[in-house]
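What follows is a short report on a single structure.
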Amino acid sequence: MHVGTGRTALFNWLFARHTGGTFIVRIDDTDDERSDPLFEADILDGLRWLGLQWDEGIAVGGPHGSYRQSDRYPRYREAAEVLVAEGTAYPCFCTPAELDERRKQAEAVGRPPGYDGRCRTIEHSVATARRAAGETAAIRLAIARPGATEFTDLIRGEIRVEHDNLDDFVLLRSDGRPTYHLASTVDDVDYEITHVARGEDLLPSTPRHIQLTLALGAEVPIYAHIPLIHGTDGKRLSKRHGAKGVIEYREAGYLPEALANYLCLLGWSPGEDLTVFPLSLAIERFELSAVSKNPAVFDLAKLDWMNGEHVRALPPEEFMARAEPFIESGLGHELTPEQRSRFVELAPLVQERTKLLSEIASQVRFLFVDDVEFDADSWTKVMTAEAGPVLDAAVARLTELGDWTAAEIEASLRAMLDELGLNPRKGLQPLRVAVTGSTVSPPLFESMAVLGRDVTVQRLNTARSRLLG
RNA sequence: GGCCCCGUCGUCCAGCGGCCUAGGACGCUGGCCUUUCAAGCCGGAAACGCGGGUUCGAAUCCCGUCGGGGCUACCA
């Protein structure tokens with residue numbers, strides 16, 4: 001599921017929860033080329049991960065049948081035929097090739113490229129006879145002309161479109177499959193949809209859907225068109241921009257509550273300059289009418305920051321639970337109980353420093369391996385000639401140290417710094433690299449405490465010999 | 001081209017005729033704190049596209065213009 005779709009779903013969900021309405025999930029799969037059972041699973045996974053439970057629809061059921069459009073083709077066909085019988089729709093015998101040809105001509109002359117309505121004038125009895133004789137036809141809606149459609153969009157206000165700009169669009173393809181317009185409008189009617197909140201790309205289709213709904217003899221729902229999410233080039237966000245699907249954010253180490261929080265901010269704000277907030281607060285305050293009219297650019301840097309905020313807000317046990325899968329996949333094996341308890345000790349310090357859960361594995365790798373892998377840049381930066389005496393002194397002190405606690409280690413090493421006349425940066429960084437493999441790591445004294453005296457001293461010695469050798 | 005929508009810092013959001021010398025957040029940046037990295041704290045640069053109206057007064061209302069986006073299929 002695309003993040004733009006995810007945000008649209010989120011706004012629908014917030015609206016339903018805020019108003020006490022019913023959030024329905026249906027699968028629009030009338031386009032064979034772009035539909036696949038895999039897409040359906042991906043969408044449902046994405047919704048579940050974001051925490052957008054639906055009250056009715058696909059996978060959970062409800063009073064209206066299947067909730068998958070490809071299961072409802074007979075229903076759409078029936079609806080189209082009723083309209084033909086009533087005269088508000090008509091069969092069109094033009095072939096796609098002919099239409100294509102005419103469209104090109106129209107464009108060349110600068111005429112509107114829409115369908116010219118020529119089959120509309122075919123006598124009803126004649127058309128019926130031709131179909132009875134086996135001629136295939138698409139079904140088109142006969143738009144009232146002259147005329148205009150007016151409606152009030154919850155986000156955009158009054159919208160008016162002259163029917164001269166609306167062609168008689170196809171309801172049912174000549175092979176009997178419905179178009180998106182027919183299927184979704186019939187569904188909206190059948191499912192008793194009161195509010196349709198969807199992407200702005202569908203704004204131009206709305207007059208068609210309203211005319212169809214009217215022809216169907218049903219009440220027109222209230223529409224709200226949500227602005228699109230753009231990439232940094234101002235174009236509609238797509239894979240080209242490196243945009244990930246909702247589920248990919250999970251794999252990349254994002255928290256669903258962080259993504260949801262960020263998505264809320266794309267086109268909406270809860271007021272009071274609030275930025276970091278739980279979904280429950282969004283439910284309390286959400287109004288479709290308060291959604292911005294402007295397209296929003298997706299800013300990954302802000303999402304990253306937002307994720308850090310949510311990670312830090314996690315209760316410690318929760319942080320552990322979410323971090324573990326990432327550590328294990330980084331390590332390539334499961335954590336032993338002993339390794340897990342080692343991580344638990346350091347976890348609060350790691351949590352403060354975490355932006356993405358996927359970064360944790362490399363941060364704490366040194367806790368779980370037999371031999372640290374030295375980061376090349378870190379090594380050359382701090383393992384200078386001065387580092388040797390520091391390592392020696394540290395080994396001597398730590399071997400003698402009484403209680404192996406972070407506080408004792410710190411006291412001892414600070415005394416060493418005084419003795420050697422070194423500042424912390426000079427004196428501690430070689431130790432950090434020796435013990436963790438990198439100049440960037442969780443706090444040193446605590447790390448040593450967790451590793452234990454033997455491992456710590458052994459690593460200092462290993463670095464010492466490598467420095468000499 | 002036609003139709004529709006939109007136009008406040010680089011980005012997201014606030015602003016709904018006087019509270020605006022335009023506010024918050026991310027990012028950027030100077031400093032503090034500091035065992036590294038983060039986090040935190042203090043400070044800084046940074047925007048009402050343009051032109052006309054309306055009004056005592058406009059970021060806020062109207063018109064035009066320019067710019068951006070969407071749609072323009074027997075796709076959704």
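As shown in the structure tokens, the chain order sets the letters A, B, ...; within each chain, residues go from 1, and ligands are also counted from 1 in the order they appear.
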If the cut-off is 6 Å, can you tell me the residues of chain A near chain B, counting only C-alpha atoms (C1' of nucleotides)? I'd like them as JSON, numbers by chain. {"A": [173, 201, 204, 273, 294, 302, 353, 424, 439, 440]}
Considering only C-alpha atoms (C1' of nucleotides), return as JSON, numbers by chain whatever protein or nucleic-acid residues lie within 12 Å of Pro112 (chain A), sequence-local ones (same chain, fewer than 4 positions apart) excluded. {"A": [102, 103, 104, 105, 106, 107, 108, 116, 164, 165, 166, 167], "B": [1, 2, 3, 72]}
Quick check, in Å to one decimal: how far apart do CA of Val84 (chain A) and CA of Ser205 (chain A) lie?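 Separation between CA of Val84 (chain A) and CA of Ser205 (chain A): 21.0 Å.
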Write out as a list in words all residues of region 204-397 of chain A that backbone DSSP assigns to strand (DSSP E).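 Filtering region 204-397 of chain A down to strand (DSSP E) leaves Ile222, Tyr223, Ala224, His225, Ile226, Ile229, His230, Ala296 and Val297 of chain A.
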As an exercise, work out the distance from CA of Thr206 (chain A) to CA of Leu228 (chain A) in Å and give it to one decimal place. 16.0 Å
Between CA of Thr399 (chain A) and CA of Gly469 (chain A), distance in Å (one decimal):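 Taking CA of Thr399 (chain A) as the start and CA of Gly469 (chain A) as the end point, the length is 22.8 Å.
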Fewer than 5 positions away in the same chain doesn't count, so skip those; otherwise give me all residues within 9 Å of region 254-264 of chain A, counting only C-alpha atoms (C1' of nucleotides), as number ranges by chain. A: 3-4, 6-7, 10-11, 49-51, 246, 248-249, 269-270, 275-279, 282, 298, 302-304, 306-311, 322, 355-358
Would you mind listing what lies within 12 Å of C20 (chain B) as an NGL selection string, with only C-alpha atoms (C1' of nucleotides) counted and same-chain residues fewer than 3 positions away left out? :B and (8 or 15 or 23 or 48 or 58-60)
Which residues, written as an NGL selection string, have at least one atom at most 12 Å from Leu335 (chain A), with only C-alpha atoms (C1' of nucleotides) counted and residues fewer than 3 positions away on the same chain left out? :A and (320 or 323-332 or 338-344 or 361 or 365 or 367-369)
Tell me which of A:Glu98, A:Glu162, A:Asp188, A:Asp371 sits closest to Thr149 (chain A), counting only C-alpha atoms.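 Of A:Glu98, A:Glu162, A:Asp188, A:Asp371, the one nearest Thr149 (chain A) is A:Glu162, counting only C-alpha atoms.
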